[in-house]
>>> print(open('structure-v5.txt').read())   # compact mmCIF, C-alpha atoms and all ligand atoms
# COMPACT_ATOMS: atom_id res chain seq x y z
CA MET A 1 154.89 8.64 -58.82
CA ASN A 2 152.27 6.95 -56.70
CA LYS A 3 154.77 4.18 -55.92
CA THR A 4 157.44 6.65 -54.83
CA LEU A 5 154.95 8.40 -52.56
CA ARG A 6 153.95 5.10 -50.96
CA ALA A 7 157.61 4.16 -50.47
CA LEU A 8 158.22 7.56 -48.91
CA LEU A 9 155.26 7.14 -46.57
CA ILE A 10 156.48 3.71 -45.51
CA LEU A 11 159.95 5.11 -44.91
CA ILE A 12 158.52 7.94 -42.79
CA THR A 13 156.46 5.43 -40.78
CA ILE A 14 159.52 3.28 -40.16
CA LEU A 15 161.66 6.27 -39.23
CA SER A 16 159.10 7.67 -36.83
CA GLY A 17 158.76 4.19 -35.35
CA VAL A 18 162.52 4.12 -34.79
CA ALA A 19 162.34 7.63 -33.34
CA LEU A 20 159.56 6.55 -31.00
CA VAL A 21 161.63 3.61 -29.82
CA TYR A 22 164.58 5.94 -29.22
CA HIS A 23 162.58 8.56 -27.40
CA TYR A 24 160.28 6.52 -25.26
CA ILE A 25 161.59 3.00 -24.90
CA LEU A 26 165.36 3.32 -24.83
CA PRO A 27 165.54 6.23 -22.40
CA LYS A 28 163.33 4.24 -20.02
CA ASN A 29 165.62 1.28 -20.35
CA SER A 30 168.76 3.24 -19.74
CA ALA A 31 167.13 4.91 -16.74
CA ASN A 32 166.45 1.43 -15.38
CA GLN A 33 169.99 0.41 -16.05
CA LYS A 34 171.24 3.44 -14.18
CA SER A 35 169.16 2.74 -11.08
CA GLN A 36 170.31 -0.85 -11.13
CA LEU A 37 173.88 0.38 -11.20
CA ILE A 38 173.18 2.65 -8.27
CA ASP A 39 171.80 -0.30 -6.30
CA ASN A 40 174.65 -2.58 -7.32
CA THR A 41 177.70 -0.47 -6.57
CA ALA A 42 178.67 -2.76 -3.70
CA TRP A 43 181.45 -5.24 -4.45
CA ILE A 44 180.53 -8.87 -5.11
CA GLY A 45 183.17 -11.55 -5.53
CA PRO A 46 183.82 -13.37 -8.80
CA THR A 47 182.56 -16.96 -9.31
CA ILE A 48 184.99 -19.81 -9.84
CA ASN A 49 182.86 -21.68 -12.40
CA THR A 50 182.58 -18.77 -14.80
CA ASP A 51 186.22 -17.66 -14.60
CA THR A 52 187.79 -19.44 -17.57
CA SER A 53 191.21 -17.93 -16.86
CA LEU A 54 191.54 -20.14 -13.78
CA LYS A 55 193.47 -23.28 -14.65
CA GLY A 56 195.75 -25.98 -13.29
CA VAL A 57 197.42 -25.46 -9.92
CA GLN A 58 195.85 -22.03 -9.44
CA LEU A 59 192.35 -23.43 -10.00
CA GLU A 60 193.00 -26.24 -7.50
CA GLN A 61 194.33 -23.81 -4.90
CA VAL A 62 191.45 -21.38 -5.31
CA GLN A 63 188.91 -24.21 -5.03
CA TYR A 64 190.59 -25.65 -1.94
CA GLY A 65 190.89 -22.17 -0.42
CA GLN A 66 187.18 -21.57 -0.93
CA ALA A 67 186.36 -24.95 0.64
CA LEU A 68 188.54 -24.12 3.65
CA ILE A 69 186.71 -20.81 4.18
CA ALA A 70 183.23 -22.30 3.66
CA HIS A 71 183.73 -25.57 5.55
CA THR A 72 186.67 -24.83 7.84
CA SER A 73 185.45 -27.25 10.47
CA LYS A 74 185.56 -30.26 8.13
CA TYR A 75 189.29 -29.70 7.68
CA LEU A 76 190.44 -27.93 10.86
CA GLY A 77 187.63 -28.32 13.41
CA PRO A 78 187.32 -30.65 16.43
CA ASN A 79 186.91 -33.62 14.06
CA GLY A 80 188.93 -32.04 11.27
CA ALA A 81 190.44 -34.20 8.52
CA VAL A 82 193.68 -32.16 8.27
CA ALA A 83 194.20 -30.97 11.87
CA LYS A 84 192.10 -30.49 14.99
CA ILE A 85 192.95 -26.90 15.81
CA THR A 86 189.73 -24.81 15.76
CA ASN A 87 186.37 -24.67 17.54
CA GLY A 88 184.01 -26.07 14.89
CA MET A 89 182.97 -22.74 13.40
CA ASN A 90 183.56 -21.94 9.72
CA CYS A 91 185.16 -18.72 8.47
CA GLN A 92 182.04 -18.38 6.33
CA ASN A 93 179.82 -18.12 9.41
CA CYS A 94 180.96 -14.48 9.67
CA HIS A 95 182.35 -13.98 6.13
CA LEU A 96 179.26 -14.98 4.18
CA ASN A 97 179.32 -16.88 0.94
CA ALA A 98 183.01 -17.70 1.47
CA GLY A 99 183.82 -14.01 1.87
CA SER A 100 182.31 -12.94 -1.45
CA GLN A 101 178.98 -11.42 -0.40
CA ALA A 102 178.22 -7.68 -0.54
CA TRP A 103 177.83 -6.34 3.02
CA GLY A 104 178.50 -9.86 4.33
CA ASN A 105 181.87 -9.00 5.95
CA ASN A 106 183.58 -9.99 2.69
CA TYR A 107 187.25 -10.14 1.71
CA GLY A 108 186.97 -7.69 -1.20
CA ALA A 109 189.51 -5.28 0.31
CA VAL A 110 191.99 -7.78 1.71
CA TYR A 111 194.38 -8.38 -1.18
CA ALA A 112 194.33 -4.68 -2.09
CA THR A 113 195.02 -3.32 1.41
CA TYR A 114 197.42 -5.81 3.04
CA PRO A 115 200.12 -5.71 4.28
CA LYS A 116 198.85 -2.87 6.44
CA TYR A 117 199.49 -1.26 9.78
CA ARG A 118 196.90 -2.18 12.41
CA ASP A 119 196.52 -0.49 15.76
CA ARG A 120 195.39 -3.68 17.51
CA SER A 121 198.85 -5.23 17.17
CA GLY A 122 200.76 -2.00 16.61
CA THR A 123 202.55 -3.67 13.67
CA VAL A 124 202.34 -3.99 9.90
CA GLU A 125 200.31 -7.14 9.33
CA SER A 126 200.48 -9.57 6.43
CA ILE A 127 197.47 -11.51 5.13
CA TYR A 128 198.90 -14.49 7.01
CA LYS A 129 198.87 -12.60 10.32
CA ARG A 130 195.28 -11.46 9.74
CA VAL A 131 194.08 -14.99 8.93
CA ALA A 132 195.98 -16.35 11.95
CA ASP A 133 194.23 -13.73 14.11
CA CYS A 134 190.78 -14.96 13.11
CA MET A 135 191.85 -18.57 13.72
CA GLN A 136 193.08 -17.77 17.23
CA ARG A 137 190.21 -15.45 18.16
CA SER A 138 187.07 -16.00 16.08
CA LEU A 139 187.75 -19.73 15.86
CA ASN A 140 189.27 -19.81 19.34
CA GLY A 141 192.05 -22.09 18.13
CA LYS A 142 195.55 -22.29 16.72
CA ALA A 143 196.81 -20.83 13.46
CA ILE A 144 197.82 -23.04 10.53
CA ASP A 145 201.46 -22.83 9.40
CA SER A 146 202.23 -20.07 6.95
CA ASN A 147 203.85 -22.56 4.53
CA SER A 148 201.12 -25.20 4.78
CA LYS A 149 199.07 -26.34 1.78
CA GLU A 150 196.04 -24.91 3.59
CA PHE A 151 197.36 -21.37 4.04
CA THR A 152 198.74 -21.36 0.48
CA ALA A 153 195.22 -22.19 -0.74
CA ILE A 154 193.51 -19.56 1.44
CA HIS A 155 196.01 -16.96 0.22
CA ALA A 156 195.45 -17.95 -3.43
CA TYR A 157 191.69 -17.72 -2.90
CA ILE A 158 191.82 -14.28 -1.23
CA LYS A 159 194.16 -13.01 -3.97
CA TRP A 160 191.86 -14.29 -6.72
CA LEU A 161 188.75 -12.86 -4.97
CA GLY A 162 190.33 -9.39 -4.96
CA LYS A 163 191.75 -9.58 -8.49
CA ASP A 164 189.57 -6.74 -9.82
CA VAL A 165 190.11 -4.40 -6.87
CA LYS A 166 192.72 -1.66 -7.30
CA LYS A 167 195.67 -1.51 -4.88
CA ASN A 168 194.73 0.34 -1.65
CA GLU A 169 191.07 0.51 -2.62
CA LYS A 170 188.38 -0.54 -0.15
CA PRO A 171 185.30 -1.41 -2.21
CA ILE A 172 181.81 -0.40 -1.08
CA GLY A 173 180.20 -3.13 1.01
CA SER A 174 183.45 -4.79 2.09
CA GLY A 175 184.23 -5.45 5.76
CA ILE A 176 181.58 -4.48 8.30
CA GLU A 177 179.26 -1.49 8.07
CA LYS A 178 179.52 1.18 10.76
CA LEU A 179 176.09 1.88 12.24
CA PRO A 180 175.14 5.29 13.65
CA LEU A 181 175.69 5.51 17.42
CA LEU A 182 172.75 5.46 19.83
CA ASN A 183 172.26 8.33 22.25
CA ARG A 184 171.89 5.80 25.07
CA ALA A 185 173.79 2.73 26.26
CA ALA A 186 173.01 -0.50 24.39
CA ASN A 187 170.60 -2.58 26.44
CA PRO A 188 171.24 -6.34 26.79
CA GLU A 189 167.78 -6.96 28.30
CA ASN A 190 166.06 -5.50 25.21
CA GLY A 191 168.46 -7.64 23.19
CA ARG A 192 167.37 -10.80 25.00
CA VAL A 193 163.71 -10.18 24.09
CA ILE A 194 164.58 -9.72 20.39
CA TYR A 195 166.88 -12.75 20.50
CA ILE A 196 164.07 -14.99 21.71
CA ALA A 197 161.69 -13.69 19.05
CA LYS A 198 164.01 -13.59 16.01
CA CYS A 199 167.14 -15.67 16.53
CA GLN A 200 166.59 -18.48 19.01
CA LEU A 201 164.87 -20.78 16.53
CA CYS A 202 168.14 -21.28 14.65
CA HIS A 203 170.87 -20.40 17.15
CA GLY A 204 169.29 -22.15 20.15
CA LYS A 205 167.99 -21.26 23.59
CA ASN A 206 171.52 -21.13 24.99
CA GLY A 207 173.14 -19.69 21.87
CA GLN A 208 174.76 -23.08 21.35
CA GLY A 209 173.82 -23.41 17.66
CA GLN A 210 173.19 -26.74 16.01
CA MET A 211 175.63 -29.26 14.53
CA LEU A 212 174.88 -31.28 11.43
CA ALA A 213 174.14 -34.92 12.26
CA ASN A 214 177.55 -35.99 10.85
CA LYS A 215 179.25 -33.64 13.37
CA GLU A 216 181.43 -32.17 10.62
CA GLU A 217 180.19 -28.61 10.95
CA TYR A 218 177.39 -26.42 12.27
CA ILE A 219 174.25 -25.78 10.32
CA TYR A 220 173.56 -22.90 12.76
CA PRO A 221 176.75 -21.65 14.41
CA PRO A 222 177.04 -20.95 18.15
CA LEU A 223 176.75 -17.33 19.32
CA TRP A 224 178.12 -17.87 22.81
CA GLY A 225 179.38 -20.62 25.10
CA GLU A 226 182.55 -22.74 24.96
CA HIS A 227 182.36 -23.44 21.19
CA SER A 228 181.95 -19.83 20.11
CA TYR A 229 184.42 -17.01 19.37
CA ASN A 230 186.53 -15.79 22.29
CA ASP A 231 186.63 -12.35 23.91
CA GLY A 232 189.69 -11.32 21.86
CA ALA A 233 187.72 -11.57 18.59
CA GLY A 234 186.83 -8.48 16.57
CA ILE A 235 183.16 -9.36 16.73
CA TYR A 236 183.31 -9.24 20.53
CA ARG A 237 183.19 -5.46 20.11
CA ILE A 238 179.53 -4.58 19.92
CA SER A 239 179.92 -2.08 17.05
CA ASN A 240 181.26 -4.88 14.83
CA LEU A 241 178.59 -7.35 15.87
CA ALA A 242 175.80 -4.78 15.46
CA GLY A 243 177.05 -3.85 11.97
CA TYR A 244 177.26 -7.50 10.95
CA LEU A 245 173.72 -8.22 12.19
CA LYS A 246 172.18 -5.24 10.44
CA ASN A 247 172.99 -6.52 6.94
CA ASN A 248 172.98 -10.26 7.50
CA MET A 249 170.59 -11.54 10.18
CA PRO A 250 168.07 -13.12 10.47
CA TYR A 251 169.83 -15.33 7.92
CA LEU A 252 168.42 -15.21 4.35
CA GLN A 253 165.50 -13.03 5.46
CA THR A 254 167.33 -9.72 5.45
CA SER A 255 169.47 -7.63 3.10
CA HIS A 256 171.36 -4.35 2.97
CA GLU A 257 168.56 -2.84 0.88
CA LYS A 258 165.74 -4.13 3.10
CA PRO A 259 167.12 -4.77 6.58
CA ILE A 260 164.81 -6.44 9.10
CA LEU A 261 166.50 -5.22 12.28
CA SER A 262 166.48 -1.55 13.30
CA ASN A 263 169.79 0.00 14.35
CA GLU A 264 168.61 -0.02 17.97
CA ALA A 265 167.74 -3.71 17.77
CA CYS A 266 171.23 -4.46 16.39
CA TRP A 267 173.02 -2.60 19.18
CA ASP A 268 170.84 -4.23 21.86
CA LEU A 269 171.22 -7.73 20.37
CA ALA A 270 174.99 -7.23 20.15
CA ALA A 271 175.07 -6.13 23.81
CA PHE A 272 173.07 -9.22 24.81
CA ILE A 273 175.14 -11.75 22.81
CA ASN A 274 178.46 -10.25 23.92
CA SER A 275 177.45 -10.29 27.59
CA ARG A 276 176.91 -14.08 27.55
CA PRO A 277 179.79 -16.36 28.69
CA ARG A 278 182.44 -17.36 26.13
CA PRO A 279 186.11 -18.43 26.06
CA HIS A 280 188.69 -15.97 27.33
CA MET A 281 191.88 -15.06 25.52
CA ASN A 282 194.89 -13.29 26.97
CA ALA A 283 194.94 -10.17 24.82
CA SER A 284 197.10 -8.06 27.13
CA LYS A 285 199.46 -7.21 24.24
CA ASP A 286 196.62 -5.83 22.07
CA TRP A 287 196.35 -2.07 21.45
CA PRO A 288 199.89 -1.30 22.66
CA ASP A 289 199.12 2.41 22.19
CA ILE A 290 196.11 2.77 24.48
CA SER A 291 195.10 6.05 22.87
CA LYS A 292 194.14 3.95 19.82
CA LYS A 293 191.72 1.66 21.68
CA PRO A 294 188.31 1.73 19.99
CA MET A 295 185.42 3.30 21.91
CA ASP A 296 183.83 -0.13 22.42
CA TYR A 297 186.91 -2.07 23.49
CA PRO A 298 185.81 -3.43 26.86
CA PHE A 299 189.23 -3.97 28.51
CA GLY A 300 191.16 -1.15 30.18
CA PRO A 301 193.39 0.64 30.90
CA TYR A 302 192.05 3.70 29.06
CA LEU A 303 193.15 7.27 28.62
CA ASP A 304 189.71 8.52 29.70
CA SER A 305 188.03 7.90 33.05
CA LEU A 306 185.08 5.88 31.73
CA SER A 307 184.53 2.38 33.14
CA GLU A 308 184.99 -0.89 31.22
CA MET A 309 181.21 -1.21 31.40
CA GLN A 310 180.69 2.09 29.62
CA HIS A 311 183.33 1.15 27.03
CA LYS A 312 181.43 -2.08 26.41
CA PHE A 313 177.85 -0.82 26.10
CA GLY A 314 178.11 2.95 25.64
CA PRO A 315 176.70 5.54 25.43
CA PHE A 316 179.49 6.21 22.91
CA LYS A 317 180.65 9.57 21.66
CA LYS A 318 182.07 10.50 18.22
C1 LIG A 401 183.03 -15.01 14.68
C2 LIG A 401 183.15 -14.27 13.44
C3 LIG A 401 184.35 -14.52 12.54
C4 LIG A 401 184.82 -15.71 12.07
C5 LIG A 401 184.29 -17.10 12.36
C6 LIG A 401 185.97 -15.40 11.24
N1 LIG A 401 186.15 -14.06 11.19
FE1 LIG A 401 187.52 -13.08 10.04
N2 LIG A 401 186.84 -11.29 10.75
C7 LIG A 401 185.79 -11.13 11.64
C8 LIG A 401 185.62 -9.71 11.93
C9 LIG A 401 184.59 -9.11 12.86
C10 LIG A 401 186.60 -9.03 11.18
C11 LIG A 401 186.88 -7.52 11.15
C12 LIG A 401 186.04 -6.86 10.10
C13 LIG A 401 186.25 -5.35 10.06
O1 LIG A 401 187.08 -4.82 10.81
O2 LIG A 401 185.57 -4.69 9.22
C14 LIG A 401 187.34 -10.06 10.45
C15 LIG A 401 188.38 -9.78 9.56
C16 LIG A 401 189.03 -10.72 8.78
C17 LIG A 401 190.00 -10.40 7.76
C18 LIG A 401 190.43 -8.99 7.35
C19 LIG A 401 189.34 -8.33 6.53
C20 LIG A 401 189.68 -6.93 6.08
O3 LIG A 401 188.99 -6.42 5.17
O4 LIG A 401 190.61 -6.31 6.63
C21 LIG A 401 190.41 -11.59 7.23
C22 LIG A 401 191.43 -11.79 6.11
C23 LIG A 401 189.71 -12.64 7.93
N3 LIG A 401 188.87 -12.08 8.85
C24 LIG A 401 189.88 -13.98 7.68
C25 LIG A 401 189.18 -14.99 8.37
C26 LIG A 401 189.44 -16.40 8.17
C27 LIG A 401 190.42 -16.98 7.18
C28 LIG A 401 188.60 -17.06 9.03
C29 LIG A 401 188.52 -18.54 9.27
C30 LIG A 401 189.79 -19.18 9.63
C31 LIG A 401 187.80 -16.06 9.73
N4 LIG A 401 188.21 -14.82 9.31
C32 LIG A 401 186.80 -16.35 10.62
C33 LIG A 401 185.01 -12.13 12.17
C34 LIG A 401 185.18 -13.49 11.97
C1 LIG A 402 167.04 -19.13 9.72
C2 LIG A 402 168.07 -19.39 10.69
C3 LIG A 402 168.74 -18.17 11.33
C4 LIG A 402 168.14 -17.13 12.02
C5 LIG A 402 166.67 -16.92 12.27
C6 LIG A 402 169.22 -16.31 12.49
N1 LIG A 402 170.43 -16.80 12.09
FE1 LIG A 402 172.26 -16.09 12.56
N2 LIG A 402 173.14 -17.44 11.36
C7 LIG A 402 172.47 -18.44 10.68
C8 LIG A 402 173.41 -19.16 9.84
C9 LIG A 402 173.08 -20.33 8.93
C10 LIG A 402 174.65 -18.54 10.03
C11 LIG A 402 175.96 -18.91 9.32
C12 LIG A 402 175.93 -18.52 7.87
C13 LIG A 402 176.93 -19.27 7.03
O1 LIG A 402 177.78 -20.00 7.55
O2 LIG A 402 176.85 -19.11 5.80
C14 LIG A 402 174.46 -17.48 11.02
C15 LIG A 402 175.47 -16.67 11.53
C16 LIG A 402 175.31 -15.77 12.57
C17 LIG A 402 176.38 -15.06 13.24
C18 LIG A 402 177.87 -15.16 12.96
C19 LIG A 402 178.46 -16.47 13.40
C20 LIG A 402 178.44 -16.71 14.88
O3 LIG A 402 178.11 -17.85 15.25
O4 LIG A 402 178.78 -15.82 15.69
C21 LIG A 402 175.79 -14.27 14.20
C22 LIG A 402 176.49 -13.35 15.17
C23 LIG A 402 174.36 -14.47 14.10
N3 LIG A 402 174.10 -15.40 13.11
C24 LIG A 402 173.42 -13.83 14.89
C25 LIG A 402 172.05 -13.91 14.68
C26 LIG A 402 171.07 -13.08 15.36
C27 LIG A 402 171.38 -12.06 16.43
C28 LIG A 402 169.85 -13.43 14.87
C29 LIG A 402 168.50 -12.82 15.19
C30 LIG A 402 168.34 -11.44 14.81
C31 LIG A 402 170.05 -14.50 13.91
N4 LIG A 402 171.40 -14.75 13.81
C32 LIG A 402 169.04 -15.16 13.25
C33 LIG A 402 171.12 -18.74 10.78
C34 LIG A 402 170.18 -17.95 11.39
>>> encode(input="structure-v5.txt", output="structure tokens")
Amino acid sequence: MNKTLRALLILITILSGVALVYHYILPKNSANQKSQLIDNTAWIGPTINTDTSLKGVQLEQVQYGQALIAHTSKYLGPNGAVAKITNGMNCQNCHLNAGSQAWGNNYGAVYATYPKYRDRSGTVESIYKRVADCMQRSLNGKAIDSNSKEFTAIHAYIKWLGKDVKKNEKPIGSGIEKLPLLNRAANPENGRVIYIAKCQLCHGKNGQGQMLANKEEYIYPPLWGEHSYNDGAGIYRISNLAGYLKNNMPYLQTSHEKPILSNEACWDLAAFINSRPRPHMNASKDWPDISKKPMDYPFGPYLDSLSEMQHKFGPFKK
């Protein structure tokens, strides 16, 4: 009898222990898990090393594609091993972590949303056309051939990156974030002051960046001048540049969750950087339907009567 009572008491102790764990510890844990999920809803690309389904030719293509995005200049830059057709920048300079980083202008949406109609060209664009665009504008160069080993690899890489994204879905944190508009024009002179304080150390007094000693690629890419992106590039619009800066610069010091730059600082920095000299591209065929020109596209003609200056710096409406 005594034994049974003791066994019963032990059982009750164990059970209430289990109940305690359920009531106090597990709920806390699952609350933590939930808040982590809330913070981590932005898309992040898969990693090659941990994807065991990648094999053979596909693995080789994906690896080469990633290398071409991360170290474009080594292959296609002024001293490129494959061809000398771009300005020395890497795709990764603007598409961080080879286009896999949350809020880093990543490629999460590309495979799921292309081919798609784009107002800039007024046509349905393939992935090839979009990549060629960045080569001719952001890398101020020539496009690789659509049937080259290099484009095949970039395509395989972009397809693999987007493998878990549903068709037509644009994951959170892909592309560039749209910042709220200011109620004043962006101010390049304010931007210059912030540039000197927060950016010049890496990107240089004249925005020229810094090459690695072996001249293969930049350690700090140029922001303006003859080796930078041209005025037909998407990032030449200050809304795109401001949105990129907000989540990504100063490099490695900032994040989407804890940005260093205020929205105003981003707009002013973007106005400063995009008012410095850079290569010119003939983009007269862009935006064939002028009613579709973005508010911050700084080349007329326009439907409204605002000047090119106001279309460049604002103040913007809507
Ligand atoms: C100077 C900055 C810069 C560089 C360098 C650059 N890009 Fe881009 N790229 C952009 C911007 C800005 C966009 C437009 C993002 C948006 O509209 O949200 C873009 C868009 C793209 C897109 C479409 C993304 C989407 O979600 O629709 C692809 C694909 C792309 N770039 C590929 C490349 C490749 C490949 C290279 C290298 C050959 C490259 N880019 C180099 C700035 C750059
Ligand atoms: C600690 C060094 C560092 C600082 C400080 C820094 N950057 Fe960068 N920046 C980089 C690096 C490195 C990259 C390229 C990242 C890559 O290739 O992975 C980059 C890329 C960029 C790009 C896109 C590529 C290009 O050349 O156009 C822009 C724009 C940019 N930075 C602007 C800024 C601005 C504005 C600031 C100041 C708010 C700033 N950066 C501060 C290191 C820095």
>>> atom_distance(input="structure-v5.txt", atom1="CA of Met249 (chain A)", atom2="CA of Ala98 (chain A)")
16.4 Å
>>> residues_near_ligand(input="structure-v5.txt", ligand="ligand LIG 402 (chain A)", cutoff="6 Å", atoms="only C-alpha atoms and all ligand atoms", output="ChimeraX atom specification")
/A:92-94,96-97,195,198-199,202,219-223,249-251,269
>>> residues_around(input="structure-v5.txt", residues="region 138-146 of chain A", least_positions_apart="5", cutoff="7 Å", atoms="only C-alpha atoms", output="JSON, numbers by chain")
{"A": [85, 86, 87, 89, 128, 132, 151, 229, 230, 233]}
>>> closest_residue(input="structure-v5.txt", among="A:Ser262, A:Asn206, A:Asn106, A:Ser275", to="ligand LIG 401 (chain A)", atoms="only C-alpha atoms and all ligand atoms")
A:Asn106
>>> closest_residue(input="structure-v5.txt", among="A:Glu150, A:Glu217, A:Asp286, A:Glu257", to="Gln66 (chain A)", atoms="only C-alpha atoms")
A:Glu150
>>> atom_distance(input="structure-v5.txt", atom1="CA of Asn79 (chain A)", atom2="CA of Lys215 (chain A)")
7.7 Å
>>> residues_near_ligand(input="structure-v5.txt", ligand="ligand LIG 401 (chain A)", cutoff="6 Å", atoms="only C-alpha atoms and all ligand atoms", output="number ranges by chain")
A: 69, 89-91, 93-94, 107, 109-110, 130-131, 134-135, 138-139, 175-176, 229, 234-235, 240
>>> closest_residue(input="structure-v5.txt", among="A:Ile154, A:Leu201, A:Leu179, A:Leu59", to="Asn263 (chain A)", atoms="only C-alpha atoms")
A:Leu179
>>> decode(input="structure-v5.txt", residues="region 195-216 of chain A", atoms="N, CA and C atoms", output="PDB file, in the first residue's frame")
ATOM      1  N   TYR A 195      28.263  61.685 -47.595  1.00  0.00           N
ATOM      2  CA  TYR A 195      29.212  60.848 -48.348  1.00  0.00           C
ATOM      3  C   TYR A 195      30.605  60.917 -47.719  1.00  0.00           C
ATOM      4  N   ILE A 196      31.052  62.128 -47.435  1.00  0.00           N
ATOM      5  CA  ILE A 196      32.399  62.299 -46.872  1.00  0.00           C
ATOM      6  C   ILE A 196      32.497  61.595 -45.518  1.00  0.00           C
ATOM      7  N   ALA A 197      31.447  61.697 -44.723  1.00  0.00           N
ATOM      8  CA  ALA A 197      31.490  61.116 -43.381  1.00  0.00           C
ATOM      9  C   ALA A 197      31.374  59.592 -43.387  1.00  0.00           C
ATOM     10  N   LYS A 198      30.537  59.023 -44.285  1.00  0.00           N
ATOM     11  CA  LYS A 198      30.170  57.615 -44.137  1.00  0.00           C
ATOM     12  C   LYS A 198      30.574  56.699 -45.292  1.00  0.00           C
ATOM     13  N   CYS A 199      31.025  57.237 -46.398  1.00  0.00           N
ATOM     14  CA  CYS A 199      31.213  56.397 -47.580  1.00  0.00           C
ATOM     15  C   CYS A 199      32.602  56.536 -48.194  1.00  0.00           C
ATOM     16  N   GLN A 200      33.179  57.716 -48.056  1.00  0.00           N
ATOM     17  CA  GLN A 200      34.417  58.044 -48.759  1.00  0.00           C
ATOM     18  C   GLN A 200      35.568  57.102 -48.419  1.00  0.00           C
ATOM     19  N   LEU A 201      35.630  56.666 -47.179  1.00  0.00           N
ATOM     20  CA  LEU A 201      36.710  55.792 -46.725  1.00  0.00           C
ATOM     21  C   LEU A 201      36.865  54.590 -47.659  1.00  0.00           C
ATOM     22  N   CYS A 202      35.766  53.979 -48.045  1.00  0.00           N
ATOM     23  CA  CYS A 202      35.835  52.817 -48.942  1.00  0.00           C
ATOM     24  C   CYS A 202      35.765  53.221 -50.411  1.00  0.00           C
ATOM     25  N   HIS A 203      34.811  54.082 -50.763  1.00  0.00           N
ATOM     26  CA  HIS A 203      34.563  54.337 -52.191  1.00  0.00           C
ATOM     27  C   HIS A 203      35.442  55.437 -52.775  1.00  0.00           C
ATOM     28  N   GLY A 204      36.204  56.137 -51.919  1.00  0.00           N
ATOM     29  CA  GLY A 204      37.189  57.099 -52.432  1.00  0.00           C
ATOM     30  C   GLY A 204      36.683  58.518 -52.534  1.00  0.00           C
ATOM     31  N   LYS A 205      37.639  59.446 -52.491  1.00  0.00           N
ATOM     32  CA  LYS A 205      37.328  60.878 -52.516  1.00  0.00           C
ATOM     33  C   LYS A 205      36.578  61.257 -53.802  1.00  0.00           C
ATOM     34  N   ASN A 206      36.974  60.627 -54.900  1.00  0.00           N
ATOM     35  CA  ASN A 206      36.325  60.925 -56.180  1.00  0.00           C
ATOM     36  C   ASN A 206      35.385  59.817 -56.623  1.00  0.00           C
ATOM     37  N   GLY A 207      34.905  59.025 -55.662  1.00  0.00           N
ATOM     38  CA  GLY A 207      33.952  57.964 -55.992  1.00  0.00           C
ATOM     39  C   GLY A 207      34.536  56.893 -56.886  1.00  0.00           C
ATOM     40  N   GLN A 208      35.864  56.860 -56.983  1.00  0.00           N
ATOM     41  CA  GLN A 208      36.523  55.989 -57.962  1.00  0.00           C
ATOM     42  C   GLN A 208      36.654  54.551 -57.491  1.00  0.00           C
ATOM     43  N   GLY A 209      36.383  54.285 -56.200  1.00  0.00           N
ATOM     44  CA  GLY A 209      36.529  52.927 -55.679  1.00  0.00           C
ATOM     45  C   GLY A 209      37.985  52.531 -55.557  1.00  0.00           C
ATOM     46  N   GLN A 210      38.186  51.237 -55.306  1.00  0.00           N
ATOM     47  CA  GLN A 210      39.565  50.757 -55.175  1.00  0.00           C
ATOM     48  C   GLN A 210      39.686  49.361 -55.744  1.00  0.00           C
ATOM     49  N   MET A 211      40.658  49.186 -56.657  1.00  0.00           N
ATOM     50  CA  MET A 211      40.916  47.883 -57.281  1.00  0.00           C
ATOM     51  C   MET A 211      41.744  47.018 -56.341  1.00  0.00           C
ATOM     52  N   LEU A 212      41.576  45.715 -56.439  1.00  0.00           N
ATOM     53  CA  LEU A 212      42.524  44.812 -55.785  1.00  0.00           C
ATOM     54  C   LEU A 212      43.884  44.964 -56.468  1.00  0.00           C
ATOM     55  N   ALA A 213      44.961  44.641 -55.741  1.00  0.00           N
ATOM     56  CA  ALA A 213      46.306  44.819 -56.295  1.00  0.00           C
ATOM     57  C   ALA A 213      46.486  44.027 -57.596  1.00  0.00           C
ATOM     58  N   ASN A 214      45.833  42.854 -57.721  1.00  0.00           N
ATOM     59  CA  ASN A 214      45.994  42.056 -58.954  1.00  0.00           C
ATOM     60  C   ASN A 214      45.174  42.586 -60.128  1.00  0.00           C
ATOM     61  N   LYS A 215      44.460  43.696 -59.920  1.00  0.00           N
ATOM     62  CA  LYS A 215      43.669  44.365 -60.978  1.00  0.00           C
ATOM     63  C   LYS A 215      42.547  43.502 -61.558  1.00  0.00           C
ATOM     64  N   GLU A 216      42.217  42.412 -60.882  1.00  0.00           N
ATOM     65  CA  GLU A 216      41.163  41.544 -61.418  1.00  0.00           C
ATOM     66  C   GLU A 216      39.777  42.094 -61.153  1.00  0.00           C
TER      67      GLU A 216
END
